[in-house]
>>> print(open('work19.pdb').read())   # PDB, C-alpha atoms
ATOM      1  CA  MET A  27      -5.702 -60.258 -44.726
ATOM      2  CA  HIS A  28      -2.980 -58.413 -42.832
ATOM      3  CA  ALA A  29      -3.192 -55.526 -45.265
ATOM      4  CA  ASN A  30      -6.985 -55.299 -44.857
ATOM      5  CA  ARG A  31      -6.601 -55.157 -41.057
ATOM      6  CA  LEU A  32      -4.112 -52.292 -41.318
ATOM      7  CA  PHE A  33      -6.454 -50.507 -43.703
ATOM      8  CA  ARG A  34      -9.362 -50.783 -41.249
ATOM      9  CA  ILE A  35      -7.193 -49.487 -38.363
ATOM     10  CA  GLY A  36      -6.035 -46.561 -40.459
ATOM     11  CA  CYS A  37      -9.615 -45.699 -41.412
ATOM     12  CA  GLY A  38     -10.625 -45.808 -37.756
ATOM     13  CA  LEU A  39      -7.857 -43.362 -36.799
ATOM     14  CA  LEU A  40      -8.602 -40.937 -39.592
ATOM     15  CA  PRO A  41     -11.478 -39.092 -37.926
ATOM     16  CA  LEU A  42      -9.491 -38.656 -34.707
ATOM     17  CA  SER A  43      -6.477 -37.220 -36.501
ATOM     18  CA  SER A  44      -8.691 -34.969 -38.562
ATOM     19  CA  PHE A  45     -10.361 -33.675 -35.400
ATOM     20  CA  ALA A  46      -6.958 -32.984 -33.807
ATOM     21  CA  LEU A  47      -5.907 -31.079 -36.922
ATOM     22  CA  LEU A  48      -9.000 -28.926 -36.839
ATOM     23  CA  ALA A  49      -8.667 -28.343 -33.080
ATOM     24  CA  GLY A  50      -5.086 -27.209 -33.530
ATOM     25  CA  CYS A  51      -6.155 -24.727 -36.165
ATOM     26  CA  GLU A  52      -8.801 -23.033 -34.052
ATOM     27  CA  GLY A  53      -8.962 -19.366 -34.939
ATOM     28  CA  TYR A  54      -7.360 -19.880 -38.355
ATOM     29  CA  ASP A  55      -9.883 -17.507 -39.915
ATOM     30  CA  ARG A  56      -9.177 -14.663 -37.466
ATOM     31  CA  LYS A  57      -7.560 -11.539 -38.837
ATOM     32  CA  HIS A  58      -5.102  -9.239 -37.105
ATOM     33  CA  ASP A  59      -6.549  -5.962 -35.906
ATOM     34  CA  TYR A  60      -4.322  -3.239 -37.276
ATOM     35  CA  ARG A  61      -6.141  -0.370 -35.615
ATOM     36  CA  VAL A  62      -3.938   1.908 -33.528
ATOM     37  CA  VAL A  63      -4.458   1.451 -29.806
ATOM     38  CA  ASP A  64      -4.951   4.653 -27.821
ATOM     39  CA  VAL A  65      -2.083   4.820 -25.331
ATOM     40  CA  THR A  66      -2.529   8.501 -24.420
ATOM     41  CA  PRO A  67      -1.809   9.077 -20.702
ATOM     42  CA  PRO A  68      -4.809  10.107 -18.577
ATOM     43  CA  ALA A  69      -5.374  13.814 -18.119
ATOM     44  CA  GLU A  70      -4.082  15.501 -14.983
ATOM     45  CA  ASP A  71      -6.193  15.933 -11.834
ATOM     46  CA  GLY A  72      -8.062  12.744 -12.561
ATOM     47  CA  GLU A  73     -10.017  14.180 -15.495
ATOM     48  CA  TYR A  74     -11.125  11.226 -17.524
ATOM     49  CA  ARG A  75     -12.077  12.012 -21.104
ATOM     50  CA  ARG A  76     -14.381   9.734 -22.989
ATOM     51  CA  THR A  77     -12.691   8.285 -26.059
ATOM     52  CA  GLY A  78     -14.197   9.652 -29.221
ATOM     53  CA  SER A  79     -16.574  12.240 -27.783
ATOM     54  CA  GLY A  80     -13.988  14.368 -25.954
ATOM     55  CA  ASP A  81     -16.555  15.204 -23.229
ATOM     56  CA  VAL A  82     -15.446  15.434 -19.601
ATOM     57  CA  ALA A  83     -17.675  13.570 -17.165
ATOM     58  CA  ASN A  84     -19.489  15.707 -14.615
ATOM     59  CA  PHE A  85     -18.137  13.910 -11.573
ATOM     60  CA  ALA A  86     -19.916  16.153  -9.057
ATOM     61  CA  ASP A  87     -23.334  15.371 -10.499
ATOM     62  CA  LEU A  88     -22.568  11.652 -10.778
ATOM     63  CA  VAL A  89     -21.392  11.403  -7.171
ATOM     64  CA  GLU A  90     -24.314  13.449  -5.845
ATOM     65  CA  ARG A  91     -26.800  11.302  -7.773
ATOM     66  CA  MET A  92     -25.175   8.132  -6.429
ATOM     67  CA  MET A  93     -25.286   9.418  -2.846
ATOM     68  CA  ALA A  94     -28.907  10.537  -3.239
ATOM     69  CA  THR A  95     -29.840   7.072  -4.526
ATOM     70  CA  ARG A  96     -28.075   5.492  -1.565
ATOM     71  CA  ALA A  97     -29.895   7.776   0.870
ATOM     72  CA  ASP A  98     -33.265   6.981  -0.735
ATOM     73  CA  TYR A  99     -32.576   3.253  -0.571
ATOM     74  CA  LEU A 100     -31.584   3.519   3.091
ATOM     75  CA  SER A 101     -34.755   5.475   3.839
ATOM     76  CA  ASP A 102     -36.899   2.842   2.107
ATOM     77  CA  ILE A 103     -35.233   0.051   4.100
ATOM     78  CA  LYS A 104     -35.939   1.862   7.372
ATOM     79  CA  GLU A 105     -39.558   2.400   6.397
ATOM     80  CA  LEU A 106     -39.935  -1.258   5.444
ATOM     81  CA  GLU A 107     -38.361  -2.330   8.725
ATOM     82  CA  ARG A 108     -40.867  -0.227  10.687
ATOM     83  CA  ALA A 109     -43.751  -1.632   8.648
ATOM     84  CA  TYR A 110     -42.733  -5.234   9.353
ATOM     85  CA  LEU A 111     -42.334  -4.483  13.044
ATOM     86  CA  LYS A 112     -45.786  -2.909  13.119
ATOM     87  CA  ALA A 113     -47.223  -5.968  11.343
ATOM     88  CA  GLY A 114     -45.536  -8.273  13.873
ATOM     89  CA  ASP A 115     -43.219  -9.955  11.363
ATOM     90  CA  SER A 116     -39.989  -9.937  13.335
ATOM     91  CA  VAL A 117     -38.124 -12.200  10.909
ATOM     92  CA  LYS A 118     -38.450  -9.854   7.932
ATOM     93  CA  ALA A 119     -37.914  -6.851  10.177
ATOM     94  CA  ASN A 120     -34.585  -8.394  11.173
ATOM     95  CA  TRP A 121     -33.735  -8.887   7.506
ATOM     96  CA  CYS A 122     -34.330  -5.185   6.917
ATOM     97  CA  ARG A 123     -32.293  -4.285   9.970
ATOM     98  CA  ARG A 124     -29.336  -6.358   8.769
ATOM     99  CA  VAL A 125     -29.488  -4.812   5.290
ATOM    100  CA  ARG A 126     -29.676  -1.361   6.860
ATOM    101  CA  GLN A 127     -26.666  -1.996   9.092
ATOM    102  CA  GLN A 128     -24.607  -3.384   6.232
ATOM    103  CA  LEU A 129     -25.452  -0.367   4.104
ATOM    104  CA  GLU A 130     -24.622   2.049   6.906
ATOM    105  CA  ASP A 131     -21.235   0.338   7.346
ATOM    106  CA  VAL A 132     -20.349   0.630   3.659
ATOM    107  CA  LEU A 133     -17.316   2.869   3.297
ATOM    108  CA  ASN A 134     -17.942   6.273   1.733
ATOM    109  CA  TYR A 135     -14.865   7.086  -0.339
ATOM    110  CA  PRO A 136     -13.960  10.786  -0.594
ATOM    111  CA  PHE A 137     -14.779  11.085  -4.293
ATOM    112  CA  LEU A 138     -15.012  14.885  -4.273
ATOM    113  CA  SER A 139     -12.648  15.663  -1.411
ATOM    114  CA  ALA A 140      -8.937  15.369  -0.818
ATOM    115  CA  ALA A 141      -9.585  14.137   2.725
ATOM    116  CA  PRO A 142     -11.486  11.268   4.322
ATOM    117  CA  VAL A 143     -15.176  11.883   4.794
ATOM    118  CA  GLU A 144     -14.725  12.461   8.533
ATOM    119  CA  HIS A 145     -12.531  15.492   7.800
ATOM    120  CA  ARG A 146     -15.622  17.491   6.952
ATOM    121  CA  VAL A 147     -16.284  17.720  10.675
ATOM    122  CA  GLU A 148     -14.286  20.128  12.804
ATOM    123  CA  VAL A 149     -12.058  17.690  14.655
ATOM    124  CA  SER A 150      -9.459  18.533  17.272
ATOM    125  CA  PRO A 151      -8.212  16.643  20.341
ATOM    126  CA  GLU A 152      -9.325  18.862  23.222
ATOM    127  CA  ARG A 153     -10.694  16.949  26.200
ATOM    128  CA  SER A 154     -11.563  13.566  27.598
ATOM    129  CA  ILE A 155     -15.098  12.463  26.754
ATOM    130  CA  PRO A 156     -16.274   9.376  28.678
ATOM    131  CA  GLU A 157     -18.436   8.053  25.824
ATOM    132  CA  ALA A 158     -15.596   8.454  23.361
ATOM    133  CA  ASP A 159     -13.106   6.845  25.744
ATOM    134  CA  LYS A 160     -15.383   3.829  26.184
ATOM    135  CA  LEU A 161     -15.842   3.443  22.424
ATOM    136  CA  TYR A 162     -12.097   3.868  21.842
ATOM    137  CA  ASN A 163     -11.221   1.238  24.454
ATOM    138  CA  GLU A 164     -13.668  -1.245  22.923
ATOM    139  CA  ALA A 165     -12.207  -0.628  19.474
ATOM    140  CA  MET A 166      -8.663  -1.082  20.803
ATOM    141  CA  SER A 167      -9.617  -4.341  22.487
ATOM    142  CA  ILE A 168     -10.871  -5.725  19.166
ATOM    143  CA  TYR A 169      -7.900  -4.316  17.252
ATOM    144  CA  LYS A 170      -5.391  -5.943  19.605
ATOM    145  CA  GLN A 171      -7.008  -9.332  19.045
ATOM    146  CA  VAL A 172      -6.201  -9.012  15.345
ATOM    147  CA  ALA A 173      -2.775  -7.420  15.726
ATOM    148  CA  ALA A 174      -1.555  -9.838  18.406
ATOM    149  CA  ILE A 175      -0.981 -12.716  15.982
ATOM    150  CA  PRO A 176       1.336 -12.139  12.983
ATOM    151  CA  LEU A 177      -0.380 -12.651   9.615
ATOM    152  CA  ALA A 178      -3.697 -13.241  11.357
ATOM    153  CA  GLY A 179      -5.169 -10.341   9.460
ATOM    154  CA  ALA A 180      -5.226 -12.447   6.316
ATOM    155  CA  LEU A 181      -7.958 -14.648   7.792
ATOM    156  CA  GLU A 182     -11.487 -13.574   6.925
ATOM    157  CA  HIS A 183     -12.882 -13.765  10.471
ATOM    158  CA  ASN A 184     -10.047 -11.483  11.629
ATOM    159  CA  LYS A 185     -10.776  -9.083   8.804
ATOM    160  CA  GLU A 186     -14.325  -8.867  10.109
ATOM    161  CA  LYS A 187     -12.914  -7.942  13.511
ATOM    162  CA  ALA A 188     -10.711  -5.324  11.844
ATOM    163  CA  ARG A 189     -13.746  -3.850  10.069
ATOM    164  CA  LYS A 190     -15.626  -3.713  13.351
ATOM    165  CA  ALA A 191     -12.747  -1.911  15.083
ATOM    166  CA  LEU A 192     -12.427   0.452  12.117
ATOM    167  CA  ALA A 193     -16.111   1.376  12.311
ATOM    168  CA  MET A 194     -15.770   2.122  16.019
ATOM    169  CA  PHE A 195     -12.684   4.310  15.535
ATOM    170  CA  LYS A 196     -14.580   6.223  12.857
ATOM    171  CA  ARG A 197     -17.528   6.684  15.202
ATOM    172  CA  VAL A 198     -15.246   8.458  17.661
ATOM    173  CA  LEU A 199     -14.074  10.761  14.877
ATOM    174  CA  LYS A 200     -17.604  11.456  13.715
ATOM    175  CA  GLU A 201     -19.593  11.521  16.947
ATOM    176  CA  HIS A 202     -16.970  12.926  19.346
ATOM    177  CA  PRO A 203     -14.764  15.255  17.252
ATOM    178  CA  GLN A 204     -13.394  17.050  20.344
ATOM    179  CA  SER A 205     -12.265  13.865  22.086
ATOM    180  CA  ASP A 206      -8.601  13.680  23.010
ATOM    181  CA  LYS A 207      -8.553  10.264  21.308
ATOM    182  CA  VAL A 208      -9.279  11.486  17.760
ATOM    183  CA  ASP A 209      -5.611  11.608  16.710
ATOM    184  CA  GLU A 210      -5.078   8.010  17.829
ATOM    185  CA  CYS A 211      -8.319   6.922  16.151
ATOM    186  CA  ALA A 212      -7.130   8.434  12.868
ATOM    187  CA  PHE A 213      -3.815   6.603  13.201
ATOM    188  CA  TYR A 214      -5.438   3.230  13.838
ATOM    189  CA  CYS A 215      -7.793   3.747  10.894
ATOM    190  CA  GLY A 216      -4.672   4.075   8.765
ATOM    191  CA  GLU A 217      -3.149   0.986  10.395
ATOM    192  CA  ILE A 218      -6.210  -1.140   9.711
ATOM    193  CA  TYR A 219      -6.379  -0.121   6.072
ATOM    194  CA  LYS A 220      -2.639  -0.642   5.617
ATOM    195  CA  GLU A 221      -2.274  -3.976   7.363
ATOM    196  CA  TYR A 222      -5.603  -5.783   7.217
ATOM    197  CA  LEU A 223      -7.999  -4.281   4.647
ATOM    198  CA  ARG A 224      -5.814  -3.696   1.601
ATOM    199  CA  GLU A 225      -8.492  -5.025  -0.735
ATOM    200  CA  GLU A 226     -10.681  -2.114   0.389
ATOM    201  CA  ASP A 227      -7.838   0.373  -0.130
ATOM    202  CA  PRO A 228      -5.783  -1.122  -2.987
ATOM    203  CA  ASP A 229      -4.049   2.145  -3.861
ATOM    204  CA  ASP A 230      -3.263   2.919  -0.196
ATOM    205  CA  GLU A 231      -4.999   6.251  -0.537
ATOM    206  CA  LEU A 232      -7.028   5.987   2.647
ATOM    207  CA  SER A 233      -4.209   4.675   4.822
ATOM    208  CA  VAL A 234      -1.989   7.579   3.745
ATOM    209  CA  ARG A 235      -4.695  10.138   4.398
ATOM    210  CA  TYR A 236      -5.473   8.825   7.871
ATOM    211  CA  TYR A 237      -1.779   8.751   8.817
ATOM    212  CA  GLN A 238      -1.340  12.319   7.622
ATOM    213  CA  TRP A 239      -4.494  13.403   9.401
ATOM    214  CA  ALA A 240      -3.298  11.846  12.661
ATOM    215  CA  ALA A 241      -0.047  13.821  12.486
ATOM    216  CA  ALA A 242      -1.944  16.992  11.591
ATOM    217  CA  LEU A 243      -4.361  16.586  14.510
ATOM    218  CA  ASN A 244      -1.473  16.148  16.924
ATOM    219  CA  PRO A 245       2.040  17.016  15.724
ATOM    220  CA  ASP A 246       3.427  15.421  18.913
ATOM    221  CA  ILE A 247       1.455  12.199  18.533
ATOM    222  CA  GLN A 248       3.134   9.314  20.331
ATOM    223  CA  LEU A 249       2.451   6.910  17.484
ATOM    224  CA  PRO A 250       4.536   6.394  14.297
ATOM    225  CA  ALA A 251       2.134   8.182  11.949
ATOM    226  CA  ARG A 252       4.803   9.830   9.766
ATOM    227  CA  PHE A 253       6.971   6.722   9.730
ATOM    228  CA  GLN A 254       4.152   4.424   8.627
ATOM    229  CA  CYS A 255       3.122   6.948   5.993
ATOM    230  CA  ALA A 256       6.721   7.066   4.736
ATOM    231  CA  VAL A 257       6.813   3.267   4.499
ATOM    232  CA  VAL A 258       3.683   3.292   2.333
ATOM    233  CA  TYR A 259       5.131   5.952   0.024
ATOM    234  CA  ASP A 260       8.461   4.123  -0.082
ATOM    235  CA  PHE A 261       7.627   0.461  -0.583
ATOM    236  CA  ARG A 262       4.117   0.527  -2.022
ATOM    237  CA  ARG A 263       3.777   3.747  -3.962
ATOM    238  CA  HIS A 264       7.466   4.042  -4.831
ATOM    239  CA  ASP A 265       7.259   7.809  -4.406
ATOM    240  CA  ARG A 266      10.881   8.465  -3.557
ATOM    241  CA  ALA A 267      10.625  12.230  -2.965
ATOM    242  CA  ARG A 268       7.665  12.021  -0.597
ATOM    243  CA  ALA A 269       9.177   9.083   1.285
ATOM    244  CA  ILE A 270      12.464  10.951   1.843
ATOM    245  CA  GLU A 271      10.572  14.010   3.088
ATOM    246  CA  LEU A 272       8.684  11.958   5.649
ATOM    247  CA  TYR A 273      11.765   9.988   6.726
ATOM    248  CA  HIS A 274      13.520  13.307   7.421
ATOM    249  CA  GLN A 275      10.580  14.385   9.592
ATOM    250  CA  VAL A 276      10.852  11.144  11.552
ATOM    251  CA  MET A 277      14.553  11.783  12.159
ATOM    252  CA  GLU A 278      14.179  15.464  13.042
ATOM    253  CA  LEU A 279      11.316  14.895  15.475
ATOM    254  CA  GLU A 280      12.540  11.510  16.737
ATOM    255  CA  GLU A 281       8.907  10.577  16.279
ATOM    256  CA  ALA A 282       7.270   8.847  19.236
ATOM    257  CA  GLY A 283      10.731   8.297  20.733
ATOM    258  CA  ASN A 284      11.166   5.222  18.553
ATOM    259  CA  MET A 285      14.893   5.207  17.805
ATOM    260  CA  SER A 286      14.627   2.030  15.769
ATOM    261  CA  ASN A 287      12.390   3.882  13.312
ATOM    262  CA  VAL A 288      14.797   6.826  13.349
ATOM    263  CA  ARG A 289      17.751   4.580  12.416
ATOM    264  CA  PHE A 290      15.722   2.840   9.730
ATOM    265  CA  SER A 291      14.722   6.239   8.321
ATOM    266  CA  ALA A 292      18.357   7.334   8.169
ATOM    267  CA  THR A 293      19.332   4.151   6.356
ATOM    268  CA  ARG A 294      16.497   4.494   3.845
ATOM    269  CA  VAL A 295      17.390   8.120   3.148
ATOM    270  CA  GLU A 296      20.946   6.978   2.398
ATOM    271  CA  GLN A 297      19.680   4.265   0.109
ATOM    272  CA  LEU A 298      17.191   6.475  -1.694
ATOM    273  CA  THR A 299      19.491   9.468  -2.141
ATOM    274  CA  ASP A 300      22.582   7.395  -2.988
ATOM    275  CA  GLU A 301      24.870   9.919  -1.375
ATOM    276  CA  GLN A 302      28.515   9.938  -2.397
ATOM    277  CA  TYR A 303      29.830   8.707   0.919
ATOM    278  CA  SER A 304      26.974   6.383   1.771
ATOM    279  CA  HIS A 305      28.136   3.228   3.527
ATOM    280  CA  LEU A 306      25.675   1.371   1.327
ATOM    281  CA  LYS A 307      27.699   2.061  -1.799
ATOM    282  CA  PRO A 308      30.561  -0.326  -2.609
ATOM    283  CA  GLU A 309      33.926   1.246  -1.998
ATOM    284  CA  ASP A 310      36.191   1.560  -5.014
ATOM    285  CA  ARG A 311      39.465   0.942  -3.222
ATOM    286  CA  PRO A 312      42.641   1.249  -5.344
ATOM    287  CA  LYS A 313      44.311  -2.030  -6.001
ATOM    288  CA  ALA A 314      47.771  -2.548  -4.472
ATOM    289  CA  LYS A 315      50.522  -2.156  -7.050
ATOM    290  CA  ALA A 316      52.801  -5.106  -7.475
ATOM    291  CA  ILE A 317      56.427  -4.640  -6.470
ATOM    292  CA  VAL A 318      58.749  -6.101  -9.023
ATOM    293  CA  GLY A 319      62.160  -7.214  -7.776
ATOM    294  CA  GLU A 320      64.599 -10.029  -7.484
ATOM    295  CA  PRO A 321      63.408 -13.206  -5.819
ATOM    296  CA  ARG A 322      64.420 -13.456  -2.176
ATOM    297  CA  GLY A 323      65.190 -16.370   0.064
ATOM    298  CA  MET A 324      63.311 -17.574   3.099
ATOM    299  CA  ASP A 325      65.581 -15.717   5.549
ATOM    300  CA  GLU A 326      65.990 -12.587   3.472
ATOM    301  CA  PRO A 327      64.112  -9.550   4.851
ATOM    302  CA  ARG A 328      61.135  -8.221   2.878
ATOM    303  CA  PRO A 329      62.093  -5.246   0.705
ATOM    304  CA  THR A 330      60.586  -1.887   1.679
ATOM    305  CA  PRO A 331      59.130   0.128  -1.207
ATOM    306  CA  VAL A 332      60.143   3.768  -1.536
ATOM    307  CA  ARG A 333      57.238   6.221  -1.713
ATOM    308  CA  PRO A 334      57.236   8.374  -4.867
ATOM    309  CA  THR A 335      58.154  11.993  -4.348
ATOM    310  CA  SER A 336      56.883  13.553  -7.563
ATOM    311  CA  SER A 337      53.801  11.717  -8.765
ATOM    312  CA  ASP A 338      51.399   9.178  -7.286
ATOM    313  CA  ASP A 339      51.547   7.237 -10.547
ATOM    314  CA  GLU A 340      55.338   6.875 -10.464
ATOM    315  CA  ILE A 341      56.673   3.447  -9.531
ATOM    316  CA  LEU A 342      60.197   3.271  -8.106
ATOM    317  CA  GLU A 343      62.414   0.249  -7.712
ATOM    318  CA  PRO A 344      62.434  -1.157  -4.193
ATOM    319  CA  ARG A 345      65.477  -0.934  -1.996
ATOM    320  CA  SER A 346      66.584  -3.444   0.574
ATOM    321  CA  ALA A 347      66.135  -2.681   4.215
ATOM    322  CA  PRO A 348      69.427  -2.205   6.137
TER     323      PRO A 348
END
>>> encode(input="work19.pdb", output="structure tokens")
Amino acid sequence: MHANRLFRIGCGLLPLSSFALLAGCEGYDRKHDYRVVDVTPPAEDGEYRRTGSGDVANFADLVERMMATRADYLSDIKELERAYLKAGDSVKANWCRRVRQQLEDVLNYPFLSAAPVEHRVEVSPERSIPEADKLYNEAMSIYKQVAAIPLAGALEHNKEKARKALAMFKRVLKEHPQSDKVDECAFYCGEIYKEYLREEDPDDELSVRYYQWAAALNPDIQLPARFQCAVVYDFRRHDRARAIELYHQVMELEEAGNMSNVRFSATRVEQLTDEQYSHLKPEDRPKAKAIVGEPRGMDEPRPTPVRPTSSDDEILEPRSAP
């Protein structure tokens, strides 16, 4: 009877163990793919070649077609919004308006240009423009709300504030290109991308370009445009040569009178160049040579070693002090 009970238990466990065996062998019939993986580096200047065909994509046509489609879609939304307003349907007209505003706020990346899209306008800080000053002050007020609290930029509602400030800074650049605030607007565009909207600029391309543009618009800008650009090249892009070049500019110009940044730049140049006499390198001090002599008592004066006269490697026997 005992044996029959064990037999029934074993039979009941058999399907479970069989299932576990099959589950553990999942993929047993898969075969290794021995094809050679293409690890060829991408072509220079961003030319992407299609694997197999060897054809180079016509980026200009692709970008122009995309922008034309976007413009057509925006035009259709505006027309639909007007139609709903004319028909008295304010709810759907508001839907269209919101879609239109969101589309207008979508960032246009400089696919075919080496500069941000605003650079296509002749921009230079020349005079005070009341409309631009008002827009700049509003943008700064929003920006300071985000920047006032450390790490607050990671919160989504603060990112929305950062996007709003960014759009307003860009409006100054686009609508008032002769405002004396354009250099500062370019700088704060770089700050917002660098500190708060990294997911929209994951390669730090836009932040770098806006920092560089700010310094180009006003070489005497009283904001750390070169320093912040150097930090991006140093710690994010790991471009040692470009970082050193910018750190040197910070030191030579004493940029914005910020001596803390100047000292940091000097330290980073030392670290990155690994100069022979850098204080950051460990000193290889020669070890003191042991003096071998007779043991002395507690009251016996310490022997004075005689300096070698012929060679630094020569070790002479000590002599007792008089």
>>> atom_distance(input="work19.pdb", atom1="CA of Glu152 (chain A)", atom2="CA of Phe213 (chain A)")
16.8 Å
>>> resolve_selection(input="work19.pdb", expression="the PyMOL selection byres ((chain A and resi 165) around 8)", output="number ranges by chain")
A: 161-164, 166-169, 190-192, 194-195
>>> atom_distance(input="work19.pdb", atom1="CA of Lys118 (chain A)", atom2="CA of Ala97 (chain A)")
20.8 Å
>>> closest_residue(input="work19.pdb", among="A:Lys112, A:Lys170, A:Arg126, A:Arg263", to="Tyr99 (chain A)", atoms="only C-alpha atoms")
A:Arg126
>>> atom_distance(input="work19.pdb", atom1="CA of Asp209 (chain A)", atom2="CA of Pro151 (chain A)")
6.7 Å
>>> axis_aligned_box(input="work19.pdb", around="region 96-115 of chain A", padding_each_side="3 Å", output="AutoDock Vina command-line options")
--center_x -37.6 --center_y -1.1 --center_z 6.2 --size_x 25.1 --size_y 23.7 --size_z 21.4
>>> residues_around(input="work19.pdb", residues="Asp260 (chain A)", least_positions_apart="3", cutoff="10 Å", atoms="all atoms listed in the file", output="PyMOL selection string")
chain A and resi 254-257+263-270+272-273+294+298
>>> resolve_selection(input="work19.pdb", expression="the PyMOL selection byres ((chain A and resi 237-253) around 9)", output="PDB file with C-alpha atoms, in the frame of the given file")
ATOM      1  CA  ALA A 141      -9.585  14.137   2.725  1.00  0.00           C
ATOM      2  CA  PRO A 142     -11.486  11.268   4.322  1.00  0.00           C
ATOM      3  CA  HIS A 145     -12.531  15.492   7.800  1.00  0.00           C
ATOM      4  CA  VAL A 149     -12.058  17.690  14.655  1.00  0.00           C
ATOM      5  CA  SER A 150      -9.459  18.533  17.272  1.00  0.00           C
ATOM      6  CA  PRO A 151      -8.212  16.643  20.341  1.00  0.00           C
ATOM      7  CA  VAL A 208      -9.279  11.486  17.760  1.00  0.00           C
ATOM      8  CA  ASP A 209      -5.611  11.608  16.710  1.00  0.00           C
ATOM      9  CA  GLU A 210      -5.078   8.010  17.829  1.00  0.00           C
ATOM     10  CA  CYS A 211      -8.319   6.922  16.151  1.00  0.00           C
ATOM     11  CA  ALA A 212      -7.130   8.434  12.868  1.00  0.00           C
ATOM     12  CA  PHE A 213      -3.815   6.603  13.201  1.00  0.00           C
ATOM     13  CA  TYR A 214      -5.438   3.230  13.838  1.00  0.00           C
ATOM     14  CA  CYS A 215      -7.793   3.747  10.894  1.00  0.00           C
ATOM     15  CA  GLY A 216      -4.672   4.075   8.765  1.00  0.00           C
ATOM     16  CA  GLU A 217      -3.149   0.986  10.395  1.00  0.00           C
ATOM     17  CA  LEU A 232      -7.028   5.987   2.647  1.00  0.00           C
ATOM     18  CA  SER A 233      -4.209   4.675   4.822  1.00  0.00           C
ATOM     19  CA  VAL A 234      -1.989   7.579   3.745  1.00  0.00           C
ATOM     20  CA  ARG A 235      -4.695  10.138   4.398  1.00  0.00           C
ATOM     21  CA  TYR A 236      -5.473   8.825   7.871  1.00  0.00           C
ATOM     22  CA  GLN A 254       4.152   4.424   8.627  1.00  0.00           C
ATOM     23  CA  CYS A 255       3.122   6.948   5.993  1.00  0.00           C
ATOM     24  CA  ALA A 256       6.721   7.066   4.736  1.00  0.00           C
ATOM     25  CA  VAL A 257       6.813   3.267   4.499  1.00  0.00           C
ATOM     26  CA  VAL A 258       3.683   3.292   2.333  1.00  0.00           C
ATOM     27  CA  LEU A 272       8.684  11.958   5.649  1.00  0.00           C
ATOM     28  CA  TYR A 273      11.765   9.988   6.726  1.00  0.00           C
ATOM     29  CA  GLN A 275      10.580  14.385   9.592  1.00  0.00           C
ATOM     30  CA  VAL A 276      10.852  11.144  11.552  1.00  0.00           C
ATOM     31  CA  LEU A 279      11.316  14.895  15.475  1.00  0.00           C
ATOM     32  CA  GLU A 281       8.907  10.577  16.279  1.00  0.00           C
ATOM     33  CA  ALA A 282       7.270   8.847  19.236  1.00  0.00           C
ATOM     34  CA  GLY A 283      10.731   8.297  20.733  1.00  0.00           C
ATOM     35  CA  ASN A 284      11.166   5.222  18.553  1.00  0.00           C
ATOM     36  CA  ASN A 287      12.390   3.882  13.312  1.00  0.00           C
ATOM     37  CA  VAL A 288      14.797   6.826  13.349  1.00  0.00           C
ATOM     38  CA  SER A 291      14.722   6.239   8.321  1.00  0.00           C
TER      39      SER A 291
END
>>> residues_near_point(input="work19.pdb", point="(-7.8, -12.4, 16.4)", cutoff="12 Å", atoms="all atoms listed in the file", output="VMD selection string")
chain A and resid 167 to 188 191 222
>>> resolve_selection(input="work19.pdb", expression="the PyMOL selection byres ((chain A and resi 119) around 10)", output="CSV table (one decimal) with C-alpha atoms, in the coordinates of the input")
chain,number,residue,atom,x,y,z
A,103,ILE,CA,-35.2,0.1,4.1
A,104,LYS,CA,-35.9,1.9,7.4
A,106,LEU,CA,-39.9,-1.3,5.4
A,107,GLU,CA,-38.4,-2.3,8.7
A,108,ARG,CA,-40.9,-0.2,10.7
A,109,ALA,CA,-43.8,-1.6,8.6
A,110,TYR,CA,-42.7,-5.2,9.4
A,111,LEU,CA,-42.3,-4.5,13.0
A,112,LYS,CA,-45.8,-2.9,13.1
A,113,ALA,CA,-47.2,-6.0,11.3
A,114,GLY,CA,-45.5,-8.3,13.9
A,115,ASP,CA,-43.2,-10.0,11.4
A,116,SER,CA,-40.0,-9.9,13.3
A,117,VAL,CA,-38.1,-12.2,10.9
A,118,LYS,CA,-38.4,-9.9,7.9
A,120,ASN,CA,-34.6,-8.4,11.2
A,121,TRP,CA,-33.7,-8.9,7.5
A,122,CYS,CA,-34.3,-5.2,6.9
A,123,ARG,CA,-32.3,-4.3,10.0
A,124,ARG,CA,-29.3,-6.4,8.8
A,125,VAL,CA,-29.5,-4.8,5.3
>>> build_atoms(input="work19.pdb", residues="region 179-184 of chain A", atoms="N, CA and C atoms", output="PDB file, in the coordinates of the input")
ATOM      1  N   GLY A 179      -4.268 -11.214  10.192  1.00  0.00           N
ATOM      2  CA  GLY A 179      -5.169 -10.341   9.460  1.00  0.00           C
ATOM      3  C   GLY A 179      -5.586 -10.884   8.120  1.00  0.00           C
ATOM      4  N   ALA A 180      -4.871 -11.871   7.610  1.00  0.00           N
ATOM      5  CA  ALA A 180      -5.226 -12.447   6.316  1.00  0.00           C
ATOM      6  C   ALA A 180      -6.441 -13.354   6.409  1.00  0.00           C
ATOM      7  N   LEU A 181      -6.807 -13.770   7.610  1.00  0.00           N
ATOM      8  CA  LEU A 181      -7.958 -14.648   7.792  1.00  0.00           C
ATOM      9  C   LEU A 181      -9.235 -13.825   7.774  1.00  0.00           C
ATOM     10  N   GLU A 182     -10.272 -14.354   7.137  1.00  0.00           N
ATOM     11  CA  GLU A 182     -11.487 -13.574   6.925  1.00  0.00           C
ATOM     12  C   GLU A 182     -12.164 -13.190   8.234  1.00  0.00           C
ATOM     13  N   HIS A 183     -12.206 -14.119   9.219  1.00  0.00           N
ATOM     14  CA  HIS A 183     -12.882 -13.765  10.471  1.00  0.00           C
ATOM     15  C   HIS A 183     -12.134 -12.665  11.218  1.00  0.00           C
ATOM     16  N   ASN A 184     -10.806 -12.580  11.026  1.00  0.00           N
ATOM     17  CA  ASN A 184     -10.047 -11.483  11.629  1.00  0.00           C
ATOM     18  C   ASN A 184     -10.253 -10.182  10.867  1.00  0.00           C
TER      19      ASN A 184
END
